[in-house]
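Everything on this sheet refers to the single structure shown next.
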Amino acid sequence: MNRASSYAMPLNLSILSPHAAWFGILGALLSGAAPQRPAHAITIDMEYTDEGDTEPHPENPTWDPAGVILKAHFQAAKTIWESLLPGGGTYSFDYHWDDDIGENTLGLATDTPLDTYIEINPNFNWFADPTPGDDKEFSTMNNQKLFGGLSGSEKSTYFPGTAPPDALEVSFSRSGIPSSSALITLSASGQTIPSPSGPVPVAASNGYDLLSVILHEMGHILGINGVEPGEYNIYPHHVGGLVDVLVLEDSDSGHLAGDATTPGFLMNPGTPPGRRYYPSATDVLVIAEDQGITDVHLQRVGSISGGAWGDQSKWIGADVPDRTQDVYIRHGGVSTLNADAEAKSLIIGSGSSVAVQDRQLSVDGTLTFNGAAVSMAPGGTIEANTINGTNGTLTTTAGSMVRFNGFTAGTSTSASFNGSVAIGYNTAQAGSGTFFSSFDPSTISNWNVAEQLAVGDKNTSSTLIIDNGATFVSASGRVGAGTIGSGQGTVNIDGLGSSWTTSGALAVRSGLLSIANQGRLTVGGALDVRGASGVASQVNIASSGTLFVTGGVTVGPF
């Protein structure tokens, strides 16, 4: 049986015709670095092959004569797909540049009993990414589309069976940003680029994204290839137990139906320039069912409905999130931690909420709650690199802890710190050294912490800047950790009206507390300036700074 398929993309009319095939079929990503490969995953075994026997190879573009750039993009795509599909199975194919697959065809995947290969057409203005493992040439604002955001007719057309959960992701892409041409960027990175002829790499904002096309063509090799025309299925356990969730196949029997906008699947027949598409949850789940892969590891995991965080049936893909995954909760209910939870990033949508209870929620990126609520019970901990609470509500209780490196709030933010607050969260892996951070709370002018305010511990070197009239009030305070090597802190109180007031004791362990330019520190209890063993601590008062201590002052080794 012969199978071949191509990916069509709307072209810039000044370049070619209205449509160009973007991927072949037969086979045919908040935030960031390439995803981590699961311990058990599919294996993609691929080999670069050249067409022709002369050097440079006539099929290759002049800006990639040896296929070095193509190889880097295929390797990045391989990493992405292998990370998404845990399980067994090896998928083998060759790949190369080929300029005779059709003038409107960006890429073509072919699978026959004798050979399986992917061809990429060099005759397009490509965005050739110098670092295909990240998205730094694309907007940090992503374009994610969920099933719940489709119109009624779109839902019934593209999902003709049982309606999936609203949280099912149908599309994920990023817009390219204007920049220097990829050729210039590549040259600056040290690669030797000959004088090009014909189409050349261009900026991400107007070139066809080479990584997207390769991801699409690999999707054909992995299973979306028209062997079973009509509709594709999704395993019930991947969509909360719903039966007969179907995804419409395109009439060419080799793609998912629709276009790059509606619904916007990676595996639709076409794509526009200036955008990077990653496999959506729908793309991944269709391939998983087709190939009999029961476990998936989505890059972005959506919560289906309220309930226990650790319940697999509450997550798209039956995939309880870990710290490598971006998480979104937009169901309008309450997700309750029944065990410690973690995420790469977490977005809690308007009307939804997360109850941390007495557990620990760790977010290595940004925790966002816009129009949403987060609550905690005694013993609970929230730790995040950055907390974005624009127009949201954060409620903590006595005995709880909120730890962060940055906190952003809007005019309608409600943050009640009835427990402790710590500045400094080490997002790095264990044993990788000290994490450095600095926090200037300019978005909130008045901070009231019912218990301890700590700056710098747990392998962090953290700085708190209190300026522009900001005030901090806490029951007690600590700057730096009490043991050598476990973290240090710096607090700068600078400027008229800027102050930190503790009703109880303040300990300066390993670090620096500086008061300057009419800044003020008021300690209601004792001030203990004793550094950890072998580590200095100090308090500097300069330029009309004020220190007022009600209790005693202790200075010396700890």
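Chain labels run A, B, ... following the order of the structure tokens; each chain numbers its residues from 1, and ligands are numbered from 1 in the order shown.
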Open item on the list: Could you pull out the strand (DSSP E or B) residues of segment 206-423 of chain A, going by DSSP on the backbone, and write them as JSON, numbers by chain?
Closed with: {"A": [208, 209, 231, 232, 233, 246, 247, 248, 249, 256, 259, 263, 275, 276, 277, 300, 301, 302, 303, 307, 308, 315, 326, 327, 328, 329, 334, 335, 336, 341, 342, 343, 345, 346, 347, 348, 353, 354, 355, 360, 361, 362, 363, 364, 365, 366, 367, 368, 369, 373, 374, 375, 381, 382, 383, 384, 385, 386, 387, 388, 393, 394, 395, 401, 402, 403, 404, 405, 406, 407, 408, 414, 415, 416, 417, 420, 421, 422, 423]}
- [ ] Run DSSP on the backbone and grab whatever in segment 182-416 of chain A lands in helix (DSSP H, G or I); send it over as a PyMOL selection string.
- [x] chain A and resi 182-188+210-222+236-239+281-291+312-314+316-318
Task: Near-Trp81 of chain A list (9 Å; only C-alpha atoms; drop same-chain fewer than 5 positions) as a PyMOL selection string - done: chain A and resi 37+42+44+76+215+218-219+279+284
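If you count only C-alpha atoms and ignore residues fewer than 2 places along the chain from Tyr328 of chain A, what sits within 8 Å of it is Arg300, Val301, Gly302, Ser303, Asp326, Arg330, Leu346, Ile347, Ile348 and Gly349 of chain A.
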For the residues in the current selection, export C-alpha atoms as a CSV table (one decimal), in the first residue's frame.
chain,number,residue,atom,x,y,z
A,300,ARG,CA,-0.5,21.7,28.0
A,301,VAL,CA,-3.0,19.9,30.3
A,302,GLY,CA,-6.6,21.1,30.8
A,303,SER,CA,-8.8,20.4,33.8
A,326,ASP,CA,1.6,23.9,31.4
A,330,ARG,CA,-11.2,27.2,33.1
A,346,LEU,CA,-0.7,27.4,35.9
A,347,ILE,CA,-3.5,29.6,34.6
A,348,ILE,CA,-6.7,29.7,36.6
A,349,GLY,CA,-9.4,31.2,34.5
Task: Contacts of Leu513 of chain A within 8 Å, only C-alpha atoms, excl. fewer than 2 positions in-chain, as a PyMOL selection string - done: chain A and resi 479+490-493+508+511+515+538-540
Once you have the residues from the selection above, write them out as a tab-separated table (two decimals), in the first residue's frame, restricted to N, CA and C atoms.
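File result_14.tsv, as written:
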chain	number	residue	atom	x	y	z
A	479	VAL	N	15.98	37.69	57.40
A	479	VAL	CA	16.75	37.97	56.20
A	479	VAL	C	17.85	36.93	56.12
A	490	THR	N	18.78	39.91	50.88
A	490	THR	CA	19.11	41.33	50.90
A	490	THR	C	17.81	42.11	50.91
A	491	VAL	N	17.71	43.09	51.80
A	491	VAL	CA	16.54	43.97	51.83
A	491	VAL	C	17.04	45.41	51.73
A	492	ASN	N	16.56	46.13	50.73
A	492	ASN	CA	16.89	47.54	50.55
A	492	ASN	C	15.64	48.38	50.80
A	493	ILE	N	15.68	49.21	51.84
A	493	ILE	CA	14.58	50.12	52.15
A	493	ILE	C	15.06	51.51	51.77
A	508	VAL	N	18.55	38.98	61.14
A	508	VAL	CA	19.36	39.13	59.93
A	508	VAL	C	20.44	38.06	60.01
A	511	GLY	N	23.17	37.83	55.06
A	511	GLY	CA	22.77	38.80	54.07
A	511	GLY	C	22.93	40.22	54.56
A	515	ILE	N	19.22	50.58	54.85
A	515	ILE	CA	18.19	51.61	55.03
A	515	ILE	C	18.79	52.93	54.58
A	538	GLN	N	24.85	41.94	58.03
A	538	GLN	CA	25.06	43.32	58.41
A	538	GLN	C	23.83	44.16	58.16
A	539	VAL	N	23.77	45.26	58.91
A	539	VAL	CA	22.73	46.27	58.73
A	539	VAL	C	23.43	47.59	58.45
A	540	ASN	N	23.11	48.20	57.32
A	540	ASN	CA	23.69	49.49	56.94
A	540	ASN	C	22.63	50.57	57.04
- [ ] Quick one: everything within 6 Å of Phe369 of chain A, counting only C-alpha atoms, minus sequence neighbours fewer than 2 positions away in the same chain. Send it as an MDAnalysis selection string.
- [x] chainID A and resid 348 372 389 392
Task: Distance criterion (only C-alpha atoms): nearest to Ser461 of chain A out of A:Val421, A:Leu512, A:Ile444, A:Met46 - done: A:Leu512
Task: Polymer residues at most 10 Å from Ser445 of chain A, only C-alpha atoms, same-chain spacing of 2 or more positions, as an MDAnalysis selection string - done: chainID A and resid 441:443 447 466:472 498
- [ ] Could you tell me which of A:Arg509, A:Pro263, A:Asn405, A:Ser503 comes closest to Thr463 of chain A if we count only C-alpha atoms?
- [x] A:Asn405
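Comparing A:Gly497, A:Thr336, A:Gly102, A:Pro86 by their smallest distance to Asp319 of chain A, the closest is A:Pro86 (using only C-alpha atoms).
Here the question is which of A:Trp315, A:Tyr208, A:Phe404, A:Phe435 gets nearest to Pro165 of chain A using only C-alpha atoms, and that residue is A:Trp315.
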